[in-house]
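Novice: One file: target-v5.cif (mmCIF, C-alpha atoms).
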data_entry
#
loop_
_atom_site.group_PDB
_atom_site.id
_atom_site.type_symbol
_atom_site.label_atom_id
_atom_site.label_comp_id
_atom_site.auth_asym_id
_atom_site.auth_seq_id
_atom_site.Cartn_x
_atom_site.Cartn_y
_atom_site.Cartn_z
ATOM 1 C CA MET A 190 0.000 0.000 0.000
ATOM 2 C CA THR A 191 1.991 2.924 -1.240
ATOM 3 C CA LYS A 192 -0.769 5.453 -1.821
ATOM 4 C CA PRO A 193 -3.633 6.039 0.592
ATOM 5 C CA GLY A 194 -7.019 4.909 -0.666
ATOM 6 C CA ARG A 195 -5.555 2.601 -3.305
ATOM 7 C CA VAL A 196 -7.644 -0.546 -3.510
ATOM 8 C CA LYS A 197 -5.280 -3.342 -4.447
ATOM 9 C CA GLY A 198 -1.756 -2.669 -5.603
ATOM 10 C CA GLU A 199 -0.040 -4.894 -8.096
ATOM 11 C CA GLY A 200 -2.728 -7.528 -8.607
ATOM 12 C CA MET A 201 -5.028 -4.829 -9.912
ATOM 13 C CA ASP A 202 -2.308 -3.457 -12.186
ATOM 14 C CA ALA A 203 -1.786 -6.920 -13.667
ATOM 15 C CA VAL A 204 -5.509 -7.246 -14.444
ATOM 16 C CA ILE A 205 -5.570 -3.799 -16.041
ATOM 17 C CA ILE A 206 -2.519 -4.518 -18.200
ATOM 18 C CA LEU A 207 -3.946 -7.894 -19.220
ATOM 19 C CA LEU A 208 -7.259 -6.329 -20.259
ATOM 20 C CA MET A 209 -5.533 -3.520 -22.146
ATOM 21 C CA VAL A 210 -3.155 -5.832 -24.025
ATOM 22 C CA SER A 211 -5.916 -8.265 -25.028
ATOM 23 C CA GLY A 212 -8.008 -5.308 -26.173
ATOM 24 C CA LEU A 213 -5.127 -4.070 -28.327
ATOM 25 C CA LEU A 214 -4.711 -7.608 -29.686
ATOM 26 C CA PHE A 215 -8.323 -7.542 -30.881
ATOM 27 C CA PHE A 216 -7.783 -4.126 -32.489
ATOM 28 C CA THR A 217 -4.681 -5.466 -34.256
ATOM 29 C CA GLY A 218 -6.629 -8.480 -35.463
ATOM 30 C CA GLY A 219 -9.362 -6.209 -36.753
ATOM 31 C CA THR A 220 -6.903 -4.052 -38.675
ATOM 32 C CA ILE A 221 -5.105 -7.019 -40.218
ATOM 33 C CA GLY A 222 -8.471 -8.545 -41.070
ATOM 34 C CA ILE A 223 -9.538 -5.447 -42.984
ATOM 35 C CA ILE A 224 -6.349 -5.660 -45.054
ATOM 36 C CA ARG A 225 -6.324 -9.421 -45.643
ATOM 37 C CA LEU A 226 -9.928 -10.407 -46.312
ATOM 38 C CA PRO A 227 -10.999 -10.570 -49.954
ATOM 39 C CA ASP A 228 -14.041 -8.313 -50.375
ATOM 40 C CA PHE A 229 -16.285 -5.605 -49.003
ATOM 41 C CA TYR A 230 -18.648 -7.891 -47.098
ATOM 42 C CA THR A 231 -16.024 -10.052 -45.445
ATOM 43 C CA ARG A 232 -14.009 -6.979 -44.487
ATOM 44 C CA LEU A 233 -16.971 -5.667 -42.537
ATOM 45 C CA HIS A 234 -16.735 -8.650 -40.198
ATOM 46 C CA PRO A 235 -13.470 -7.646 -38.512
ATOM 47 C CA ALA A 236 -14.175 -3.936 -38.993
ATOM 48 C CA GLY A 237 -17.466 -3.974 -37.176
ATOM 49 C CA LYS A 238 -16.890 -6.519 -34.479
ATOM 50 C CA LEU A 239 -13.313 -7.265 -33.543
ATOM 51 C CA ASP A 240 -13.307 -3.535 -32.899
ATOM 52 C CA THR A 241 -16.234 -3.863 -30.512
ATOM 53 C CA ALA A 242 -14.505 -6.608 -28.540
ATOM 54 C CA GLY A 243 -11.265 -4.636 -28.355
ATOM 55 C CA HIS A 244 -13.225 -1.606 -27.308
ATOM 56 C CA VAL A 245 -14.939 -3.426 -24.418
ATOM 57 C CA LEU A 246 -11.652 -4.767 -23.074
ATOM 58 C CA ALA A 247 -9.732 -1.497 -23.426
ATOM 59 C CA MET A 248 -12.528 0.544 -21.857
ATOM 60 C CA ALA A 249 -12.893 -1.940 -18.981
ATOM 61 C CA ALA A 250 -9.173 -1.540 -18.330
ATOM 62 C CA MET A 251 -9.513 2.242 -18.284
ATOM 63 C CA ALA A 252 -12.534 2.140 -15.980
ATOM 64 C CA LEU A 253 -10.693 -0.155 -13.557
ATOM 65 C CA TYR A 254 -7.648 2.106 -13.680
ATOM 66 C CA THR A 255 -9.812 5.093 -12.847
ATOM 67 C CA VAL A 256 -11.498 3.530 -9.813
ATOM 68 C CA GLN A 257 -8.204 2.328 -8.386
ATOM 69 C CA VAL A 258 -8.076 5.475 -6.315
ATOM 70 C CA PHE A 259 -11.616 5.226 -5.061
ATOM 71 C CA SER A 260 -13.748 8.348 -4.771
ATOM 72 C CA GLY A 261 -17.149 9.507 -5.926
ATOM 73 C CA HIS A 262 -15.607 11.578 -8.680
ATOM 74 C CA ASN A 263 -13.553 8.687 -10.048
ATOM 75 C CA LEU A 264 -16.545 6.360 -9.866
ATOM 76 C CA LEU A 265 -18.509 8.820 -11.987
ATOM 77 C CA THR A 266 -15.703 8.879 -14.545
ATOM 78 C CA ALA A 267 -15.704 5.070 -14.632
ATOM 79 C CA VAL A 268 -19.464 5.035 -15.202
ATOM 80 C CA LYS A 269 -19.003 7.473 -18.085
ATOM 81 C CA ILE A 270 -16.369 5.216 -19.629
ATOM 82 C CA MET A 271 -18.667 2.208 -19.353
ATOM 83 C CA LEU A 272 -21.485 4.249 -20.938
ATOM 84 C CA ILE A 273 -19.239 4.705 -23.994
ATOM 85 C CA VAL A 274 -19.180 0.907 -24.272
ATOM 86 C CA VAL A 275 -22.967 0.718 -23.984
ATOM 87 C CA PHE A 276 -23.440 3.258 -26.779
ATOM 88 C CA VAL A 277 -20.931 1.526 -29.026
ATOM 89 C CA PHE A 278 -22.838 -1.714 -28.451
ATOM 90 C CA PHE A 279 -25.961 -0.076 -29.806
ATOM 91 C CA THR A 280 -24.445 1.932 -32.651
ATOM 92 C CA SER A 281 -21.754 -0.389 -33.996
ATOM 93 C CA PRO A 282 -24.025 -3.217 -35.173
ATOM 94 C CA THR A 283 -26.522 -0.706 -36.513
ATOM 95 C CA ALA A 284 -23.840 1.042 -38.560
ATOM 96 C CA THR A 285 -22.423 -2.267 -39.811
ATOM 97 C CA HIS A 286 -25.899 -3.354 -40.785
ATOM 98 C CA ALA A 287 -26.541 -0.077 -42.655
ATOM 99 C CA ILE A 288 -23.266 -0.396 -44.575
ATOM 100 C CA ILE A 289 -23.826 -4.030 -45.589
ATOM 101 C CA ASP A 290 -27.419 -3.255 -46.563
ATOM 102 C CA ALA A 291 -26.168 -0.392 -48.741
ATOM 103 C CA GLY A 292 -23.812 -2.836 -50.445
ATOM 104 C CA VAL A 293 -26.620 -5.306 -51.149
ATOM 105 C CA ARG A 294 -28.910 -2.569 -52.454
ATOM 106 C CA ALA A 295 -26.189 -1.278 -54.769
ATOM 107 C CA GLY A 296 -25.978 -4.781 -56.224
ATOM 108 C CA LEU A 297 -22.445 -5.692 -55.177
ATOM 109 C CA GLN A 298 -21.955 -9.456 -55.502
ATOM 110 C CA PRO A 299 -20.354 -11.117 -52.491
ATOM 111 C CA TRP A 300 -17.052 -12.920 -52.901
ATOM 112 C CA THR A 301 -17.492 -16.665 -52.707
ATOM 113 C CA ARG A 302 -14.991 -19.444 -52.857
ATOM 114 C CA LYS A 303 -16.381 -20.804 -56.120
ATOM 115 C CA LYS A 304 -15.700 -17.581 -57.998
ATOM 116 C CA GLU A 305 -12.011 -17.700 -57.138
ATOM 117 C CA ARG A 306 -11.562 -20.979 -59.024
ATOM 118 C CA PRO A 307 -11.279 -20.562 -62.812
ATOM 119 C CA MET B 113 -37.848 -25.076 -37.702
ATOM 120 C CA PHE B 114 -39.447 -23.561 -40.787
ATOM 121 C CA THR B 115 -43.130 -24.252 -40.306
ATOM 122 C CA SER B 116 -45.600 -22.140 -42.211
ATOM 123 C CA ASN B 117 -48.230 -21.765 -39.503
ATOM 124 C CA ARG B 118 -46.137 -19.061 -37.851
ATOM 125 C CA THR B 119 -47.038 -16.543 -40.525
ATOM 126 C CA SER B 120 -50.672 -16.693 -39.469
ATOM 127 C CA ASP B 121 -50.252 -15.888 -35.784
ATOM 128 C CA ARG B 122 -47.799 -13.150 -36.681
ATOM 129 C CA GLN B 123 -50.436 -10.982 -38.294
ATOM 130 C CA ASP B 124 -51.904 -9.587 -35.083
ATOM 131 C CA SER B 125 -48.723 -7.736 -34.231
ATOM 132 C CA PHE B 126 -49.039 -5.482 -37.267
ATOM 133 C CA GLU B 127 -52.162 -3.733 -36.097
ATOM 134 C CA PRO B 128 -51.143 -0.467 -34.480
ATOM 135 C CA THR B 129 -52.966 0.907 -31.481
ATOM 136 C CA PRO B 130 -55.508 3.539 -32.536
ATOM 137 C CA PRO B 131 -53.926 6.904 -31.711
ATOM 138 C CA GLY B 132 -56.846 8.267 -29.741
ATOM 139 C CA SER B 133 -57.485 5.201 -27.624
ATOM 140 C CA LYS B 134 -57.158 5.173 -23.874
ATOM 141 C CA GLN B 135 -54.380 2.640 -23.930
ATOM 142 C CA GLY B 136 -52.319 4.907 -26.181
ATOM 143 C CA LYS B 137 -52.566 7.788 -23.726
ATOM 144 C CA VAL B 138 -51.576 5.713 -20.717
ATOM 145 C CA ARG B 139 -48.642 4.414 -22.661
ATOM 146 C CA LEU B 140 -47.543 7.899 -23.582
ATOM 147 C CA ASN B 141 -47.575 9.092 -19.959
ATOM 148 C CA ALA B 142 -45.601 6.132 -18.714
ATOM 149 C CA GLY B 143 -43.188 6.693 -21.584
ATOM 150 C CA PHE B 144 -42.905 10.356 -20.601
ATOM 151 C CA CYS B 145 -42.036 9.569 -16.965
ATOM 152 C CA LEU B 146 -39.546 6.849 -17.860
ATOM 153 C CA THR B 147 -37.873 9.006 -20.486
ATOM 154 C CA PHE B 148 -37.600 11.814 -17.966
ATOM 155 C CA LEU B 149 -36.019 9.500 -15.386
ATOM 156 C CA VAL B 150 -33.539 8.056 -17.844
ATOM 157 C CA MET B 151 -32.625 11.485 -19.217
ATOM 158 C CA PHE B 152 -32.153 12.916 -15.738
ATOM 159 C CA ALA B 153 -29.983 9.970 -14.654
ATOM 160 C CA MET B 154 -27.887 10.545 -17.760
ATOM 161 C CA TRP B 155 -27.631 14.231 -16.912
ATOM 162 C CA LEU B 156 -26.429 13.432 -13.386
ATOM 163 C CA VAL B 157 -23.763 11.052 -14.639
ATOM 164 C CA PHE B 158 -22.512 13.289 -17.419
ATOM 165 C CA SER B 159 -22.549 16.606 -15.573
ATOM 166 C CA GLY B 160 -21.116 15.333 -12.305
ATOM 167 C CA ARG B 161 -22.155 18.530 -10.526
ATOM 168 C CA PHE B 162 -24.790 18.342 -7.832
ATOM 169 C CA ASP B 163 -25.451 21.983 -6.932
ATOM 170 C CA ALA B 164 -28.917 23.506 -7.257
ATOM 171 C CA PHE B 165 -28.206 25.446 -10.456
ATOM 172 C CA HIS B 166 -27.060 22.424 -12.462
ATOM 173 C CA LEU B 167 -29.782 20.177 -11.022
ATOM 174 C CA ILE B 168 -32.507 22.631 -12.044
ATOM 175 C CA LEU B 169 -30.993 22.957 -15.508
ATOM 176 C CA GLY B 170 -31.000 19.159 -15.711
ATOM 177 C CA VAL B 171 -34.637 18.856 -14.666
ATOM 178 C CA LEU B 172 -35.675 21.495 -17.217
ATOM 179 C CA SER B 173 -33.826 19.987 -20.150
ATOM 180 C CA SER B 174 -34.923 16.443 -19.239
ATOM 181 C CA LEU B 175 -38.514 17.654 -19.150
ATOM 182 C CA ILE B 176 -38.146 19.258 -22.593
ATOM 183 C CA VAL B 177 -36.580 16.117 -24.069
ATOM 184 C CA ALA B 178 -39.190 13.862 -22.454
ATOM 185 C CA PHE B 179 -41.979 16.118 -23.728
ATOM 186 C CA LEU B 180 -40.653 16.113 -27.296
ATOM 187 C CA SER B 181 -39.698 12.446 -27.564
ATOM 188 C CA GLY B 182 -41.391 10.589 -24.714
ATOM 189 C CA ASP B 183 -42.847 8.026 -27.096
ATOM 190 C CA LEU B 184 -39.565 7.251 -28.852
ATOM 191 C CA LEU B 185 -37.553 5.511 -26.157
ATOM 192 C CA PHE B 186 -40.237 3.180 -24.806
ATOM 193 C CA PRO B 187 -42.711 2.713 -27.631
ATOM 194 C CA ALA B 188 -44.303 -0.724 -27.414
ATOM 195 C CA ALA B 189 -42.845 -2.708 -24.553
ATOM 196 C CA LEU B 190 -44.868 -0.921 -21.898
ATOM 197 C CA ASP B 191 -48.097 -2.858 -22.034
ATOM 198 C CA ARG B 192 -46.215 -5.920 -20.823
ATOM 199 C CA ALA B 193 -44.415 -6.318 -17.532
ATOM 200 C CA LEU B 194 -41.617 -3.941 -18.455
ATOM 201 C CA PRO B 195 -39.348 -4.266 -15.385
ATOM 202 C CA LEU B 196 -39.408 -8.027 -15.758
ATOM 203 C CA VAL B 197 -38.345 -7.732 -19.396
ATOM 204 C CA TRP B 198 -35.470 -5.480 -18.410
ATOM 205 C CA LEU B 199 -34.432 -7.897 -15.677
ATOM 206 C CA ARG B 200 -34.449 -10.816 -18.099
ATOM 207 C CA PHE B 201 -32.564 -8.672 -20.594
ATOM 208 C CA MET B 202 -29.845 -8.062 -17.973
ATOM 209 C CA GLY B 203 -29.598 -11.824 -17.610
ATOM 210 C CA TYR B 204 -29.222 -12.169 -21.376
ATOM 211 C CA ILE B 205 -26.289 -9.745 -21.626
ATOM 212 C CA PRO B 206 -23.617 -11.920 -19.907
ATOM 213 C CA TRP B 207 -24.519 -14.834 -22.160
ATOM 214 C CA LEU B 208 -24.277 -12.558 -25.202
ATOM 215 C CA LEU B 209 -20.875 -11.262 -24.060
ATOM 216 C CA LEU B 210 -19.619 -14.835 -23.741
ATOM 217 C CA GLN B 211 -20.853 -15.641 -27.251
ATOM 218 C CA ILE B 212 -19.211 -12.482 -28.584
ATOM 219 C CA LEU B 213 -15.898 -13.435 -26.976
ATOM 220 C CA LYS B 214 -16.003 -16.998 -28.306
ATOM 221 C CA ALA B 215 -16.901 -15.917 -31.818
ATOM 222 C CA ASN B 216 -14.322 -13.104 -31.754
ATOM 223 C CA LEU B 217 -11.609 -15.635 -31.011
ATOM 224 C CA HIS B 218 -12.799 -17.670 -34.006
ATOM 225 C CA VAL B 219 -12.579 -14.651 -36.338
ATOM 226 C CA MET B 220 -9.157 -13.772 -34.889
ATOM 227 C CA TYR B 221 -8.017 -17.297 -35.748
ATOM 228 C CA LEU B 222 -9.304 -16.878 -39.316
ATOM 229 C CA VAL B 223 -7.688 -13.482 -39.732
ATOM 230 C CA PHE B 224 -4.245 -14.558 -38.578
ATOM 231 C CA HIS B 225 -4.301 -17.897 -40.393
ATOM 232 C CA PRO B 226 -1.740 -18.023 -43.240
ATOM 233 C CA ARG B 227 -4.109 -19.888 -45.571
ATOM 234 C CA MET B 228 -7.086 -17.728 -44.633
ATOM 235 C CA ARG B 229 -8.642 -17.795 -48.120
ATOM 236 C CA GLU B 230 -9.050 -21.550 -47.996
ATOM 237 C CA LEU B 231 -10.778 -21.410 -44.647
ATOM 238 C CA ILE B 232 -13.375 -18.749 -45.277
ATOM 239 C CA ASP B 233 -16.470 -19.475 -47.300
ATOM 240 C CA PRO B 234 -18.673 -16.380 -47.328
ATOM 241 C CA GLN B 235 -22.329 -16.930 -48.029
ATOM 242 C CA ILE B 236 -25.657 -15.251 -47.447
ATOM 243 C CA MET B 237 -28.039 -17.567 -45.642
ATOM 244 C CA GLU B 238 -31.723 -17.029 -45.012
ATOM 245 C CA PHE B 239 -34.013 -18.314 -42.299
ATOM 246 C CA ASP B 240 -37.391 -17.542 -40.812
ATOM 247 C CA SER B 241 -37.622 -16.237 -37.292
ATOM 248 C CA GLN B 242 -40.497 -16.909 -34.944
ATOM 249 C CA LEU B 243 -40.004 -13.599 -33.115
ATOM 250 C CA SER B 244 -42.891 -11.263 -33.838
ATOM 251 C CA SER B 245 -42.342 -7.962 -32.038
ATOM 252 C CA ASP B 246 -40.111 -5.191 -33.373
ATOM 253 C CA VAL B 247 -38.028 -4.964 -30.200
ATOM 254 C CA ALA B 248 -37.304 -8.690 -30.154
ATOM 255 C CA ARG B 249 -36.392 -8.735 -33.842
ATOM 256 C CA THR B 250 -34.136 -5.716 -33.486
ATOM 257 C CA THR B 251 -32.395 -7.273 -30.499
ATOM 258 C CA PHE B 252 -31.962 -10.505 -32.415
ATOM 259 C CA ALA B 253 -30.619 -8.726 -35.512
ATOM 260 C CA ASN B 254 -28.169 -6.664 -33.489
ATOM 261 C CA SER B 255 -27.051 -9.711 -31.517
ATOM 262 C CA ILE B 256 -26.353 -11.544 -34.772
ATOM 263 C CA THR B 257 -24.322 -8.610 -36.035
ATOM 264 C CA LEU B 258 -22.392 -8.347 -32.773
ATOM 265 C CA THR B 259 -21.477 -12.012 -32.905
ATOM 266 C CA PRO B 260 -18.530 -12.064 -35.300
ATOM 267 C CA GLY B 261 -18.704 -14.100 -38.470
ATOM 268 C CA THR B 262 -22.302 -13.097 -39.021
ATOM 269 C CA ILE B 263 -23.909 -9.794 -40.085
ATOM 270 C CA THR B 264 -27.625 -9.305 -40.510
ATOM 271 C CA VAL B 265 -28.228 -8.029 -44.037
ATOM 272 C CA ASN B 266 -31.979 -7.584 -43.955
ATOM 273 C CA VAL B 267 -35.077 -8.423 -41.958
ATOM 274 C CA THR B 268 -38.379 -8.432 -43.803
ATOM 275 C CA ALA B 269 -41.744 -7.567 -42.299
ATOM 276 C CA ILE B 270 -42.703 -11.233 -42.016
ATOM 277 C CA GLY B 271 -39.551 -12.065 -40.074
ATOM 278 C CA LYS B 272 -37.298 -13.448 -42.807
ATOM 279 C CA PHE B 273 -33.691 -12.842 -41.816
ATOM 280 C CA SER B 274 -30.849 -12.801 -44.323
ATOM 281 C CA VAL B 275 -27.438 -13.098 -42.726
ATOM 282 C CA HIS B 276 -23.965 -12.844 -44.254
ATOM 283 C CA CYS B 277 -21.685 -15.492 -42.756
ATOM 284 C CA ILE B 278 -17.930 -15.506 -43.137
ATOM 285 C CA ASP B 279 -17.803 -19.302 -43.066
ATOM 286 C CA ALA B 280 -20.176 -22.198 -42.605
ATOM 287 C CA GLU B 281 -19.220 -22.684 -38.961
ATOM 288 C CA SER B 282 -20.236 -19.151 -37.953
ATOM 289 C CA GLY B 283 -23.679 -19.528 -39.478
ATOM 290 C CA LYS B 284 -24.386 -22.949 -38.053
ATOM 291 C CA PRO B 285 -25.729 -21.905 -34.624
ATOM 292 C CA LEU B 286 -28.403 -19.646 -36.193
ATOM 293 C CA PRO B 287 -31.207 -19.158 -35.376
ATOM 294 C CA GLY B 288 -31.102 -21.787 -32.627
ATOM 295 C CA GLU B 289 -30.166 -20.930 -29.082
ATOM 296 C CA MET B 290 -29.875 -17.180 -29.479
ATOM 297 C CA GLU B 291 -33.407 -16.903 -30.832
ATOM 298 C CA SER B 292 -34.921 -18.992 -28.042
ATOM 299 C CA LYS B 293 -33.040 -16.914 -25.445
ATOM 300 C CA ILE B 294 -34.437 -13.694 -26.904
ATOM 301 C CA ALA B 295 -37.895 -15.253 -27.101
ATOM 302 C CA GLN B 296 -37.585 -15.993 -23.393
ATOM 303 C CA VAL B 297 -36.528 -12.424 -22.625
ATOM 304 C CA PHE B 298 -39.479 -10.870 -24.440
ATOM 305 C CA MET B 299 -41.896 -13.630 -23.414
ATOM 306 C CA GLU B 300 -42.884 -14.785 -26.889
#
What would you get if you wrote out this structure as structure tokens?

Specialist:
Amino acid sequence: MTKPGRVKGEGMDAVIILLMVSGLLFFTGGTIGIIRLPDFYTRLHPAGKLDTAGHVLAMAAMALYTVQVFSGHNLLTAVKIMLIVVFVFFTSPTATHAIIDAGVRAGLQPWTRKKERP
Amino acid sequence: MFTSNRTSDRQDSFEPTPPGSKQGKVRLNAGFCLTFLVMFAMWLVFSGRFDAFHLILGVLSSLIVAFLSGDLLFPAALDRALPLVWLRFMGYIPWLLLQILKANLHVMYLVFHPRMRELIDPQIMEFDSQLSSDVARTTFANSITLTPGTITVNVTAIGKFSVHCIDAESGKPLPGEMESKIAQVFME
């Protein structure tokens, strides 16, 4: 206990770092997925959702980091951070759905494995 | 799973409540109060100041928002046991998070795989859903989109879902367990 009011020293830090790193791993996977996958529709999969997972983990890490020094003010900040996650959970699938629907309406044919073969 | 008799009992949900009816008014007032409460809670969290000036400002703006859009936030779910639905919905969220995590790991594996193009097999699959209310269908569609490997492309008025799957394995569990869970939540 180095600082007064600190909840749990190094164990907490380890959890925060673990959450943050796994969140960044998901973001990396999402980015690589956007580059590697073959077409518009498949690229939306990592773009819309690996991002959401990375977001949840990274934001949870930040919220935990904030409430480490426990006070009403910090708790409020943590709640705000978690609210960001809630809003992304509503908006991200809706946006992904709108984009993929736009693609279908415009008549873009999805990439399938059969088309790749000559 | 794809029986045709579902289309018949689905019809009743399309009839809107007459605007002037008593039920519509009660619904609007409950919606007004709930919207006000939610808006004011949001105000408290986001402002973080609890002196009289900011509280009064919060009450005023929440009232204005609730007056203008009281019927938007809680449109149809009110005539049922709303708190119960919310409670069940809270119980659904951890399960959904677990599914999201599992499926995310699967997509991560696909993305990092050296021979990724041989593993993926994108296809648009279609199935009929037995969910009839708008809220349940929206929740189902958004849950499908959140679960990686599957994106909802379209939902028709009779409950036909078309879903883009990144490979056959991602699409296999649909509609299945997720649909029955949501049916439980919204008591259908």

Novice: Evaluated on this file, the PyMOL selection byres ((chain A) within 7 of (chain B)) picks out some residues - which ones are they, written as a list in words?

Specialist: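 That selection, the PyMOL selection byres ((chain A) within 7 of (chain B)), comes back as Gly218, Ile221, Gly222, Thr231, His234, Lys238, Leu239, Leu265, Lys269, Pro282, Thr283, His286, Ile289, Asp290, Trp300, Thr301 and Arg302 of chain A.
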
Novice: Just the residues within 8 Å of Ser281 in chain A, please, counting only C-alpha atoms, with nothing from its chain fewer than 2 positions along; format it as a compact mmCIF listing (two decimals) with C-alpha atoms, keeping the file's coordinate frame.

Specialist:
# COMPACT_ATOMS: atom_id res chain seq x y z
CA GLY A 237 -17.47 -3.97 -37.18
CA LYS A 238 -16.89 -6.52 -34.48
CA THR A 241 -16.23 -3.86 -30.51
CA VAL A 277 -20.93 1.53 -29.03
CA PHE A 278 -22.84 -1.71 -28.45
CA PHE A 279 -25.96 -0.08 -29.81
CA THR A 283 -26.52 -0.71 -36.51
CA ALA A 284 -23.84 1.04 -38.56
CA THR A 285 -22.42 -2.27 -39.81

Novice: Rounded to one decimal place, report the CA of Leu246 in chain A-CA of Phe201 in chain B distance in Å.

Specialist: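 Taking CA of Leu246 in chain A and CA of Phe201 in chain B, their separation equals 21.4 Å.
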
Novice: Run the PyMOL selection byres ((chain A and resi 251) around 12) mentally over the shown coordinates, then write out the matched residues as a VMD selection string, using the chain letters and numbers from the document.

Specialist: chain A and resid 201 to 202 204 to 210 212 244 to 250 252 to 257 263 to 264 266 to 271 273 to 274

Novice: I want to know what sits within 7 Å of Gly219 in chain A, based on all atoms listed in the file, with residues of the same chain fewer than 5 positions away left out; could you give that as a PDB file with C-alpha atoms, keeping the file's coordinate frame?

Specialist:
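selection_15.pdb, freshly written:
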ATOM      1  CA  PRO A 235     -13.470  -7.646 -38.512  1.00  0.00           C
ATOM      2  CA  ALA A 236     -14.175  -3.936 -38.993  1.00  0.00           C
ATOM      3  CA  LEU A 239     -13.313  -7.265 -33.543  1.00  0.00           C
ATOM      4  CA  ASP A 240     -13.307  -3.535 -32.899  1.00  0.00           C
TER       5      ASP A 240
END

Novice: State, in Å with one decimal place, the distance from CA of Ser244 in chain B to CA of Phe179 in chain B.

Specialist: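 It comes out at 29.2 Å.
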
Novice: Measure the distance from CA of Gln296 in chain B to CA of Val197 in chain B in Å and round it to one decimal.

Specialist: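 Interatomic distance here is 9.2 Å.
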
Novice: Which residues would end up in the selection if the PyMOL selection byres ((chain B and resi 297) around 9) were applied here, given that I need the answer as a list in words?

Specialist: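 This file, filtered by the PyMOL selection byres ((chain B and resi 297) around 9), leaves Leu196, Val197, Trp198, Leu199, Arg200, Phe201, Gly203, Tyr204, Ala248, Ser292, Lys293, Ile294, Ala295, Gln296, Phe298, Met299 and Glu300 of chain B.
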
Novice: Would you mind listing what lies within 12 Å of Leu175 in chain B as a list in words, with only C-alpha atoms counted and same-chain residues fewer than 4 positions away left out?

Specialist: Phe144, Cys145, Leu146, Thr147, Phe148, Leu149, Val150, Met151, Phe152, Trp155, Ile168, Leu169, Gly170, Val171, Phe179, Leu180, Ser181 and Gly182 of chain B

Novice: Centre and edge lengths, as lines of an AutoDock Vina configuration file, for the axis-aligned box enclosing every listed atom of range 243-252 of chain B with 8 Å of padding on each of the six sides, in Å to one decimal?

Specialist:
center_x = -37.4
center_y = -9.3
center_z = -32.0
size_x = 26.9
size_y = 24.6
size_z = 19.7

Novice: Closest to Pro299 in chain A among A:Thr280, A:Leu272, A:Pro227, A:His262, using all atoms listed in the file?

Specialist: A:Pro227
